[in-house]
Amino acid sequence: MSEENKSLKQIINHRIDKLNKLKHMGFEPFPHNYAPTHKSVEIINNYKKLDKKDVCISGRIMALRKMGKASFIQVMDDSGQIQVFIKKDNVGENVYEAFKLMDIGDFIGISGYVFKTKTGEISIHTEKFVVLSKSIRPLPIVKEKEGEVYDAFKDKELRYRNRHLDLIVNPNIREVFRKRTEIISETRLTLDSKQFLEVETPVLQPIYGGANARPFTTYHNALDQKLFLRIADELYLKRLIIGGFERVYEISKDFRNEGMDRNHNPEFTMLEFYWAYADYKDCMVLVEEIIRNAAKRIGKLKITWGEFEIDLSKKFKERTFYGLLKDATGSDLSLMNEKELFDICKENNIEIKENSNIGQMLDGLMSNLVEPNLIDPTFVVDYPKSISPLAKIKRDGSKNIVERFELFIGGSEFANSFTELNDPIDQRERLEAQAKLRERGDEEAQPVDDEFIRAMEVGMPPTGGVGIGIDRLVMLLTDNRWIRDVIFFPTMRLEKE
């Protein structure tokens with residue numbers, strides 16, 4: 001056993017001894033409930049009204065200065081921290097002896113009156129003290145030298161694996177997740193205000209679809225059947241449109257069995273909405289409104305993203321897919337065959353497999369040459385049909401172009417939208433073409449979903465559909481560059497023994 005582990009074991013044993021002493025003294029270290037009357041920040045913000053008034057708070061001890069017959073502590077609740085003064089003469093000898101058994105990390109309840117110390121710090125003068133939870137394992141707030149405290153809990157790997165500790169010792173992380181909640185709440189409010197109905201669709205699906213991605217598979221014993229975790233909500237939400245609901249949305253967890261990087265986690269949160277009788281241009285207006293409203297909610301219409309400042313109050317730009325590629329390569333790629341596109345990829349040092357199809361090559365060129373440079377909010381419109389199997393052909397253009405947009409901000413994709421394909425014959429042909437791509441080795445191509453096509457054959461109205469990555473939106477609005485920083489419990493590799 002290492003010295004570090006020995007030290008930790010000694011600390012834990014010492015705290016267990018204190019716990020047993022509390023019980024022996026007649027104190028219950030794990031009571032069932034407690035009823036605070038105020039939050040710490042509420043007291044600080046309303047000091048003039050609460051000065052000398054009785055209050056009751058609860059929270060975790062984050063700092064502790066024991067000085068004989070009197071002590072100061074910092075107590076943290078979910079609003080912030082406040083200083084507490086406790087004196088033996090006020091609480092009695094037995095209670096003060098119990099208090100002396102307290103450690104950083106313990107939960108306590110304090111009743112007393114509000115006052116200011118000689119140094120002007122708003123505090124609570126304790127009249128009654130109770131133990132709410134005795135902590136056994138120490139917090140990682142850690143090292144003290146010559147009166148200075150150093151925070152040793154900055155390692156990202158440790159933080160992600162121990163999010164509960166991260167939230168305790170890094171208050172700025174709690175603020176990120178509060179903003180995440182507000183962003184999601186505001187997104188719901190925007191859609192609800194436009195008469196969209198929030199719905200729920202299956203996570204376990206017999207056939208996955210709605211996106212180009214590899215699924216996670218599982219098995220249902222009672223049905224004796226393989227099932228898939230959904231990669232998207234699209235095909236089920238469209239069935240609701242077919243069934244007569246004209247505006248539906250879902251904020252859900254989706255799952256894709258793909259690589260992990262700063263923008264991708266296997267489990268992620270998506271908003272998808274579908275709007276009968278609308279098209280991708282209508283959706284474009286609504287997406288801009290959703291993002292702007294979310295930014296307003298947390299007070300950040302002008303955001304920083306690395307070295308860039310992005311103004312979300314301005315109307316978003318609009319550029320075409322092939323127009324941007326022409327700017328990047330100097331060539332019109334819209335009519336090129338596989339051989340010509342393969343040569344363009346080689347010229348631009350894009351890694352492409354020998355058997356790559358046109359869609360994969362166009363996507364590789366766009367991902368590497370164009371997307372990283374789309375810093376200001378930009379709708380990229382009119383995508384090739386080969387990479388958009390669920391979108392309608394452009395009404396006034398080439399049959400190889402569909403009505404689709406993707407929104408890019410800060411070099412990352414935030415939304416994807418189609419004027420949805422509602423011709424069941426065309427839809428079957430496109431999914432069968434996707435199946436052929438799978439036969440050629442494209443593991444992310446979509447399978448044929450006969451049940452969905454049968455639903456479309458009943459009749460589906462003209463529809464606009466959108467998917468927005470909630471995690472990425474939170475990243476953008478909180479200035480975080482890694483998706484793991486905005487997911488409470490990101491997927492992690494198992495720790496080695």
# chains A, B, ... in the order shown; residues from 1 in each chain; ligands from 1
>>> residues_around(residues="Lys399 in chain A", least_positions_apart="3", cutoff="12 Å", atoms="only C-alpha atoms", output="ChimeraX atom specification")
/A:334-335,382-386,391-396,402-403
>>> residues_around(residues="range 365-378 of chain A", least_positions_apart="4", cutoff="6 Å", atoms="only C-alpha atoms", output="PyMOL selection string")
chain A and resi 316-318+407-411
>>> residues_around(residues="Arg256 in chain A", least_positions_apart="6", cutoff="10 Å", atoms="only C-alpha atoms", output="PyMOL selection string")
chain A and resi 211-216+229-232+264-268+444
>>> write_last_selection(atoms="N, CA and C atoms", output="CSV table (one decimal), in the first residue's frame")
chain,number,residue,atom,x,y,z
A,211,ALA,N,-30.3,9.1,-39.1
A,211,ALA,CA,-29.0,9.8,-39.2
A,211,ALA,C,-28.0,8.7,-39.8
A,212,ASN,N,-26.8,9.2,-40.2
A,212,ASN,CA,-25.8,8.3,-40.6
A,212,ASN,C,-24.8,8.1,-39.5
A,213,ALA,N,-25.0,7.0,-38.8
A,213,ALA,CA,-24.1,6.7,-37.6
A,213,ALA,C,-24.3,5.2,-37.3
A,214,ARG,N,-23.3,4.7,-36.6
A,214,ARG,CA,-23.3,3.3,-36.1
A,214,ARG,C,-24.0,3.3,-34.8
A,215,PRO,N,-24.9,2.3,-34.6
A,215,PRO,CA,-25.7,2.2,-33.4
A,215,PRO,C,-25.0,1.3,-32.3
A,216,PHE,N,-25.5,1.5,-31.1
A,216,PHE,CA,-25.2,0.5,-30.0
A,216,PHE,C,-26.3,-0.5,-30.1
A,229,LEU,N,-30.1,1.1,-29.6
A,229,LEU,CA,-30.3,2.4,-28.9
A,229,LEU,C,-30.4,3.4,-30.0
A,230,ARG,N,-31.4,4.3,-29.9
A,230,ARG,CA,-31.7,5.2,-31.0
A,230,ARG,C,-30.5,6.1,-31.3
A,231,ILE,N,-30.3,6.4,-32.6
A,231,ILE,CA,-29.2,7.3,-33.0
A,231,ILE,C,-29.9,8.7,-33.3
A,232,ALA,N,-31.2,8.7,-33.5
A,232,ALA,CA,-32.0,9.9,-33.8
A,232,ALA,C,-33.5,9.6,-33.5
A,264,HIS,N,-17.8,15.2,-29.6
A,264,HIS,CA,-18.6,14.0,-29.6
A,264,HIS,C,-18.4,13.2,-28.4
A,265,ASN,N,-19.6,12.8,-27.8
A,265,ASN,CA,-19.7,11.8,-26.7
A,265,ASN,C,-20.7,10.8,-27.2
A,266,PRO,N,-20.5,9.5,-26.9
A,266,PRO,CA,-21.4,8.5,-27.4
A,266,PRO,C,-22.9,8.7,-27.0
A,267,GLU,N,-23.1,9.3,-25.8
A,267,GLU,CA,-24.4,9.6,-25.3
A,267,GLU,C,-24.5,11.1,-25.3
A,268,PHE,N,-25.5,11.7,-26.0
A,268,PHE,CA,-25.6,13.1,-26.1
A,268,PHE,C,-27.1,13.6,-26.1
A,444,GLU,N,-22.0,3.6,-41.6
A,444,GLU,CA,-22.9,4.6,-41.1
A,444,GLU,C,-24.1,4.9,-42.0
>>> closest_residue(among="A:Thr463, A:Thr217, A:Ser388, A:Asn90", to="Gln434 in chain A", atoms="only C-alpha atoms")
A:Ser388
>>> residues_around(residues="Pro206 in chain A", least_positions_apart="2", cutoff="8 Å", atoms="only C-alpha atoms", output="list of chain:residue names")
A:Leu204, A:Tyr208, A:Lys226, A:Leu227, A:Phe228
>>> closest_atom_pairs(of="range 86-118 of chain A", to="range 50-60 of chain A", cutoff="10 Å", atoms="only C-alpha atoms", output="tab-separated table")
residue	atom	partner	partner_atom	distance
A:Asp103	CA	A:Arg60	CA	9.7
A:Ile104	CA	A:Arg60	CA	7.7
A:Gly105	CA	A:Arg60	CA	5.7
A:Asp106	CA	A:Arg60	CA	5.5
A:Phe107	CA	A:Arg60	CA	4.3
A:Ile108	CA	A:Ser58	CA	5.7
A:Gly109	CA	A:Ser58	CA	4.3
A:Ile110	CA	A:Ile57	CA	5.4
A:Ser111	CA	A:Cys56	CA	4.3
A:Gly112	CA	A:Asp54	CA	5.4
A:Tyr113	CA	A:Asp54	CA	4.2
A:Val114	CA	A:Lys52	CA	4.9
A:Phe115	CA	A:Asp51	CA	5.7
A:Lys116	CA	A:Asp51	CA	8.2
>>> select_by_dssp(residues="range 285-417 of chain A", states="strand (DSSP E)", output="VMD selection string")
chain A and resid 302 to 305 308 to 311 317 to 320 378 to 384 401 to 409 412 to 417
>>> residues_around(residues="Leu477 in chain A", least_positions_apart="5", cutoff="10 Å", atoms="only C-alpha atoms", output="PyMOL selection string")
chain A and resi 176+179-180+183+291+294-296+298-305+472
>>> decode(residues="range 266-410 of chain A", atoms="C-alpha atoms", output="short mmCIF file (atom, residue, chain, number, x, y, z; two decimals), in the first residue's frame")
data_model
loop_
_atom_site.label_atom_id
_atom_site.label_comp_id
_atom_site.auth_asym_id
_atom_site.auth_seq_id
_atom_site.Cartn_x
_atom_site.Cartn_y
_atom_site.Cartn_z
CA PRO A 266 -21.41 8.46 -27.38
CA GLU A 267 -24.41 9.61 -25.32
CA PHE A 268 -25.61 13.12 -26.09
CA THR A 269 -28.66 15.39 -25.91
CA MET A 270 -30.56 16.41 -29.03
CA LEU A 271 -33.54 18.59 -29.78
CA GLU A 272 -35.54 17.49 -32.80
CA PHE A 273 -38.70 19.25 -33.97
CA TYR A 274 -41.00 18.64 -36.94
CA TRP A 275 -43.38 21.21 -38.36
CA ALA A 276 -46.15 20.26 -40.77
CA TYR A 277 -46.68 22.56 -43.78
CA ALA A 278 -43.32 24.28 -43.20
CA ASP A 279 -40.03 23.96 -45.12
CA TYR A 280 -36.35 24.41 -44.33
CA LYS A 281 -36.55 28.18 -44.78
CA ASP A 282 -39.25 28.41 -42.09
CA CYS A 283 -37.11 26.22 -39.86
CA MET A 284 -34.12 28.49 -40.44
CA VAL A 285 -36.01 31.43 -38.93
CA LEU A 286 -37.09 29.38 -35.91
CA VAL A 287 -33.61 27.94 -35.27
CA GLU A 288 -32.15 31.45 -35.21
CA GLU A 289 -34.84 32.50 -32.74
CA ILE A 290 -34.23 29.46 -30.49
CA ILE A 291 -30.49 30.15 -30.27
CA ARG A 292 -30.90 33.88 -29.77
CA ASN A 293 -33.51 33.40 -27.04
CA ALA A 294 -31.28 30.89 -25.23
CA ALA A 295 -28.38 33.36 -25.37
CA LYS A 296 -30.57 36.15 -24.03
CA ARG A 297 -31.75 33.92 -21.18
CA ILE A 298 -28.21 33.65 -19.81
CA GLY A 299 -27.35 37.25 -20.80
CA LYS A 300 -24.79 36.56 -23.54
CA LEU A 301 -25.75 37.75 -27.02
CA LYS A 302 -22.09 38.57 -27.63
CA ILE A 303 -19.92 35.57 -26.83
CA THR A 304 -16.24 34.77 -26.96
CA TRP A 305 -15.04 31.60 -28.67
CA GLY A 306 -11.28 31.25 -28.36
CA GLU A 307 -9.82 34.37 -29.94
CA PHE A 308 -13.09 35.23 -31.69
CA GLU A 309 -16.00 37.39 -30.59
CA ILE A 310 -19.32 36.23 -32.04
CA ASP A 311 -22.39 38.48 -32.12
CA LEU A 312 -25.58 36.40 -31.94
CA SER A 313 -27.79 39.49 -32.14
CA LYS A 314 -27.04 39.94 -35.86
CA LYS A 315 -28.91 38.07 -38.58
CA PHE A 316 -27.14 34.79 -39.38
CA LYS A 317 -25.36 34.46 -42.71
CA GLU A 318 -26.43 32.08 -45.50
CA ARG A 319 -24.09 30.32 -47.98
CA THR A 320 -24.49 27.36 -50.34
CA PHE A 321 -22.68 24.04 -49.87
CA TYR A 322 -21.08 23.95 -53.30
CA GLY A 323 -20.38 27.69 -53.27
CA LEU A 324 -18.27 27.33 -50.13
CA LEU A 325 -16.44 24.32 -51.59
CA LYS A 326 -15.69 26.27 -54.75
CA ASP A 327 -14.22 29.09 -52.65
CA ALA A 328 -12.07 26.55 -50.79
CA THR A 329 -10.86 24.46 -53.77
CA GLY A 330 -11.17 26.80 -56.74
CA SER A 331 -13.32 24.18 -58.53
CA ASP A 332 -17.01 23.51 -59.06
CA LEU A 333 -17.51 20.08 -57.47
CA SER A 334 -21.25 19.77 -58.13
CA LEU A 335 -20.91 17.72 -61.33
CA MET A 336 -17.72 15.78 -60.57
CA ASN A 337 -17.65 11.98 -60.57
CA GLU A 338 -15.98 9.76 -57.94
CA LYS A 339 -12.59 9.74 -59.69
CA GLU A 340 -12.50 13.52 -60.03
CA LEU A 341 -13.55 14.05 -56.42
CA PHE A 342 -10.99 11.52 -55.23
CA ASP A 343 -8.27 13.53 -57.04
CA ILE A 344 -9.50 16.77 -55.42
CA CYS A 345 -9.31 15.10 -52.00
CA LYS A 346 -5.73 13.98 -52.69
CA GLU A 347 -4.75 17.47 -53.87
CA ASN A 348 -6.03 18.90 -50.59
CA ASN A 349 -4.50 16.20 -48.37
CA ILE A 350 -7.88 14.83 -47.30
CA GLU A 351 -7.59 11.25 -46.08
CA ILE A 352 -10.08 9.19 -48.09
CA LYS A 353 -10.36 5.42 -48.43
CA GLU A 354 -10.06 3.93 -51.92
CA ASN A 355 -13.68 2.72 -51.90
CA SER A 356 -15.16 5.98 -50.58
CA ASN A 357 -18.37 7.12 -52.23
CA ILE A 358 -19.19 10.62 -53.50
CA GLY A 359 -21.02 11.59 -50.33
CA GLN A 360 -18.11 10.61 -48.07
CA MET A 361 -15.64 12.57 -50.21
CA LEU A 362 -17.81 15.70 -50.30
CA ASP A 363 -18.31 15.44 -46.55
CA GLY A 364 -14.55 15.06 -46.02
CA LEU A 365 -13.80 18.14 -48.12
CA MET A 366 -16.45 20.20 -46.34
CA SER A 367 -15.36 19.05 -42.86
CA ASN A 368 -11.69 19.84 -43.45
CA LEU A 369 -11.62 22.83 -45.80
CA VAL A 370 -14.76 24.79 -44.98
CA GLU A 371 -16.35 24.11 -41.60
CA PRO A 372 -13.42 25.20 -39.37
CA ASN A 373 -13.55 28.65 -41.00
CA LEU A 374 -17.27 29.25 -40.44
CA ILE A 375 -16.90 31.36 -37.29
CA ASP A 376 -19.83 33.76 -37.58
CA PRO A 377 -23.24 32.04 -37.46
CA THR A 378 -23.73 30.68 -40.99
CA PHE A 379 -26.48 28.57 -42.51
CA VAL A 380 -24.93 26.30 -45.15
CA VAL A 381 -27.77 25.44 -47.55
CA ASP A 382 -28.56 23.19 -50.52
CA TYR A 383 -26.67 19.98 -49.84
CA PRO A 384 -25.97 17.13 -52.25
CA LYS A 385 -28.68 14.46 -52.39
CA SER A 386 -26.02 11.76 -51.89
CA ILE A 387 -25.51 12.73 -48.22
CA SER A 388 -29.12 13.74 -47.47
CA PRO A 389 -31.36 10.67 -47.90
CA LEU A 390 -34.31 12.14 -45.98
CA ALA A 391 -34.58 15.58 -47.64
CA LYS A 392 -36.70 16.79 -50.59
CA ILE A 393 -35.08 17.72 -53.88
CA LYS A 394 -34.61 21.46 -54.31
CA ARG A 395 -37.75 22.80 -55.97
CA ASP A 396 -35.99 25.20 -58.36
CA GLY A 397 -32.60 23.52 -58.82
CA SER A 398 -30.69 20.42 -59.79
CA LYS A 399 -32.15 17.02 -58.98
CA ASN A 400 -28.89 16.25 -57.21
CA ILE A 401 -29.41 19.02 -54.63
CA VAL A 402 -31.82 18.91 -51.69
CA GLU A 403 -33.41 21.51 -49.44
CA ARG A 404 -31.26 21.19 -46.39
CA PHE A 405 -29.24 23.46 -44.13
CA GLU A 406 -26.65 23.00 -41.42
CA LEU A 407 -25.86 25.82 -39.02
CA PHE A 408 -22.22 26.45 -38.16
CA ILE A 409 -20.91 28.74 -35.42
CA GLY A 410 -17.32 28.94 -34.24
#
